[in-house]
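I have placed the structure first, in the form of structure tokens, so that the comments after it can refer back to it.
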Amino acid sequence: MCASVNWKGLILLNKAGSYIQRYWTLYVMLLLPIAFFLIFRYWPMINILLAFKRNNIIDPIMQVPWAEGVEIFDGAITVPGMSNFQQIWNHPPFRLAVRNTLMFSVFDLGFGFPAPIILALLLNELKFKKFKRVTQTISYMPHFLSWIIISGLAIRLFSPSSGTFNSIIGSWGMEPVQFLSAPNQWVGMVVGLGIWRSVGWNTIIYLAAITSVNPELYEAAEVDGASRLRRMWHVTLPCIRPVIVILFILALGGTMGADFERFMALRNHAVISMANVLPIYVFEWGLGNLRFHWATAVGLFQNLINLFLLLGANVIVKKLGGQGLW
């Protein structure tokens, strides 16, 4: 038995050696990107320890003393280095930022995620190819606009005094709508602008998935008397369901990571209570006040929540019989 195992091992080593000898140039080419990721991606991760240590970015991270511990279970257990997280959780602006982040994430998932699917289904039903290409091009062009430009457009369109929409409403004898200063209207405007900017770009993925659907399925459904709406519901959607599930899992994994540029560009003092999300909190209360240990702790909190959501969604999808990420 041992001799056979040794012979098998020698055979595998011989095959591996001959393979590496044949393709050694490819492995040499991999050394540079591997070194890049090790040096600039993985090695800096050691600084995540700052979330559990005192605020000090001058000394090497291993020499910085640990933060105070936190007692749990009525003092039965003391967890070292957790005082930063306790201070953040007891900070009212942090809890407000968590609430706003979750609120906008729910709105973006509820309204923004189905939007490109619906647009892709509609574009797929267009018979005029030129009109379809022009419409698709117009729909994803806003993706290339920065949020600074979009904020300028929002001011021109929704300003209560000189905005285009309020000018039209005023010509009808109605009171202007405070899109930029009323919190509820501002939330709707921010969500709507986010959907408008990303819907066309995300549609490309679904249109690519729809092209892989077997045309014979549509022909069979048409022979059975299915209408175009029925064909979309019973043929197109089931065929692209794996793509929808994967993108939904990825979107759910970014729940706690709000878009910093969007809220930084569109917020103002009138809606500051609704515009403070976690990235804004990290920028103002963490980096702005030189509390780097707070900024690191909040970033770690965001990533852990996103990781748990990603893993949980993947497990649930596989339990329901779907195809997850792995």
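Chain identifiers are assigned as A, B, and so on, following the order in which chains appear in the structure tokens; residues are numbered from 1 within each chain, and ligands are numbered from 1 in order of appearance.
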Using DSSP on the backbone coordinates, identify the residues of region 16-252 of chain A assigned to helix (DSSP H, G or I); present them as a ChimeraX atom specification.
/A:16-22,24-52,61-63,83-89,92-112,114-124,129-144,147-158,164-171,183-210,215-223,228-239,241-252
When you look at Val271 (chain A) with a cut-off of 10 Å (counting only C-alpha atoms), what residues show up, excluding the ones that are within fewer than 5 positions of it in the same chain? I need them as a PyMOL selection string.
chain A and resi 180-187+266+276
Residue list (strand (DSSP E or B), DSSP) for region 7-244 of chain A, as number ranges by chain
A: 53, 66, 70-72, 77-79
Can those selected residues be exported to a file as a compact mmCIF listing (two decimals), in the first residue's frame so that it contains N, CA, C and O atoms?
# COMPACT_ATOMS: atom_id res chain seq x y z
N LYS A 53 -7.74 49.73 18.68
CA LYS A 53 -6.65 50.38 19.41
C LYS A 53 -6.94 51.86 19.60
O LYS A 53 -7.95 52.38 19.13
N TRP A 66 -3.72 48.97 22.97
CA TRP A 66 -5.11 48.57 22.75
C TRP A 66 -6.06 49.53 23.45
O TRP A 66 -5.72 50.13 24.47
N VAL A 70 -14.50 46.25 27.14
CA VAL A 70 -15.92 46.45 27.41
C VAL A 70 -16.42 45.23 28.16
O VAL A 70 -16.17 44.08 27.74
N GLU A 71 -17.12 45.47 29.26
CA GLU A 71 -17.66 44.38 30.06
C GLU A 71 -19.03 43.97 29.52
O GLU A 71 -19.88 44.82 29.25
N ILE A 72 -19.24 42.67 29.37
CA ILE A 72 -20.52 42.13 28.92
C ILE A 72 -20.97 41.07 29.89
O ILE A 72 -20.19 40.59 30.73
N ILE A 77 -17.57 38.91 31.55
CA ILE A 77 -16.54 38.81 30.52
C ILE A 77 -16.15 40.21 30.10
O ILE A 77 -17.01 41.09 29.92
N THR A 78 -14.86 40.46 29.94
CA THR A 78 -14.34 41.72 29.45
C THR A 78 -13.69 41.50 28.09
O THR A 78 -12.73 40.73 27.97
N VAL A 79 -14.24 42.15 27.09
CA VAL A 79 -13.71 42.03 25.73
C VAL A 79 -12.75 43.17 25.48
O VAL A 79 -13.14 44.34 25.51
Using only C-alpha atoms, which residues sit within 8 Å of region 87-93 of chain A once same-chain residues fewer than 4 positions away are excluded, as a JSON list (two decimals) with N, CA, C and O atoms, in the first residue's frame?
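Heads up, here's the output in out_30.json:
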[["chain", "number", "residue", "atom", "x", "y", "z"],
["A", 83, "SER", "N", -13.90, 49.37, 23.20],
["A", 83, "SER", "CA", -14.46, 50.65, 23.64],
["A", 83, "SER", "C", -14.74, 51.57, 22.47],
["A", 83, "SER", "O", -15.65, 52.41, 22.55],
["A", 97, "ALA", "N", -27.13, 57.83, 11.19],
["A", 97, "ALA", "CA", -26.52, 57.44, 9.91],
["A", 97, "ALA", "C", -26.88, 56.00, 9.55],
["A", 97, "ALA", "O", -27.12, 55.69, 8.37],
["A", 281, "TYR", "N", -20.79, 59.99, 7.60],
["A", 281, "TYR", "CA", -20.40, 59.95, 9.01],
["A", 281, "TYR", "C", -18.90, 59.66, 9.15],
["A", 281, "TYR", "O", -18.20, 60.29, 9.95],
["A", 294, "TRP", "N", -12.15, 55.76, 15.02],
["A", 294, "TRP", "CA", -13.60, 55.70, 14.78],
["A", 294, "TRP", "C", -13.88, 55.36, 13.33],
["A", 294, "TRP", "O", -14.75, 54.53, 13.03],
["A", 298, "VAL", "N", -15.98, 52.08, 12.11],
["A", 298, "VAL", "CA", -17.21, 52.15, 11.32],
["A", 298, "VAL", "C", -17.05, 51.40, 10.01],
["A", 298, "VAL", "O", -17.96, 50.69, 9.56]]
Find the residues near region 140-144 of chain A: any atom within 8 Å, counting only C-alpha atoms, skip ones fewer than 3 places away on the same chain, and give them as a ChimeraX atom specification.
/A:136-137,196-201
Identify, on the basis of only C-alpha atoms, every residue whose closest approach to region 229-233 of chain A does not exceed 8 Å; exclude the query and any residue fewer than 4 positions from it along the same chain; express the result as a ChimeraX atom specification.
/A:121,218,221-222,237-238
Could you save the residues just selected, with N, CA, C and O atoms, as a short mmCIF file (atom, residue, chain, number, x, y, z; two decimals), in the first residue's frame?
data_model
loop_
_atom_site.label_atom_id
_atom_site.label_comp_id
_atom_site.auth_asym_id
_atom_site.auth_seq_id
_atom_site.Cartn_x
_atom_site.Cartn_y
_atom_site.Cartn_z
N LEU A 121 -36.67 44.05 -20.33
CA LEU A 121 -37.79 43.33 -20.93
C LEU A 121 -38.49 44.17 -21.99
O LEU A 121 -38.87 43.65 -23.05
N TYR A 218 -39.67 30.84 -27.33
CA TYR A 218 -40.66 31.87 -27.70
C TYR A 218 -41.60 31.35 -28.78
O TYR A 218 -42.82 31.63 -28.74
N ALA A 221 -44.09 29.02 -27.17
CA ALA A 221 -45.08 29.76 -26.38
C ALA A 221 -46.06 30.49 -27.28
O ALA A 221 -47.26 30.57 -26.99
N GLU A 222 -45.57 31.01 -28.41
CA GLU A 222 -46.46 31.71 -29.34
C GLU A 222 -47.45 30.73 -29.99
O GLU A 222 -48.61 31.07 -30.20
N LEU A 237 -38.25 35.75 -18.06
CA LEU A 237 -37.86 35.86 -16.66
C LEU A 237 -37.30 34.56 -16.08
O LEU A 237 -36.27 34.59 -15.40
N PRO A 238 -37.93 33.40 -16.30
CA PRO A 238 -37.31 32.17 -15.78
C PRO A 238 -35.93 31.87 -16.37
O PRO A 238 -35.07 31.32 -15.67
#
Which residue, A:Phe165, A:Tyr206, A:Phe131, A:Phe283, has the smallest gap to Ala115 (chain A) when you use only C-alpha atoms?
A:Tyr206
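For the pair CA of Ala265 (chain A) and CA of Ser151 (chain A), the separation is 6.0 Å.
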So what do you get for CA of Met62 (chain A) versus CA of Pro80 (chain A), distance-wise?
15.3 Å
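Compared by their closest atoms to Arg54 (chain A), and using only C-alpha atoms, the residues A:Gly322, A:Gly257, A:Pro242, A:Gly81 rank with A:Gly81 nearest.
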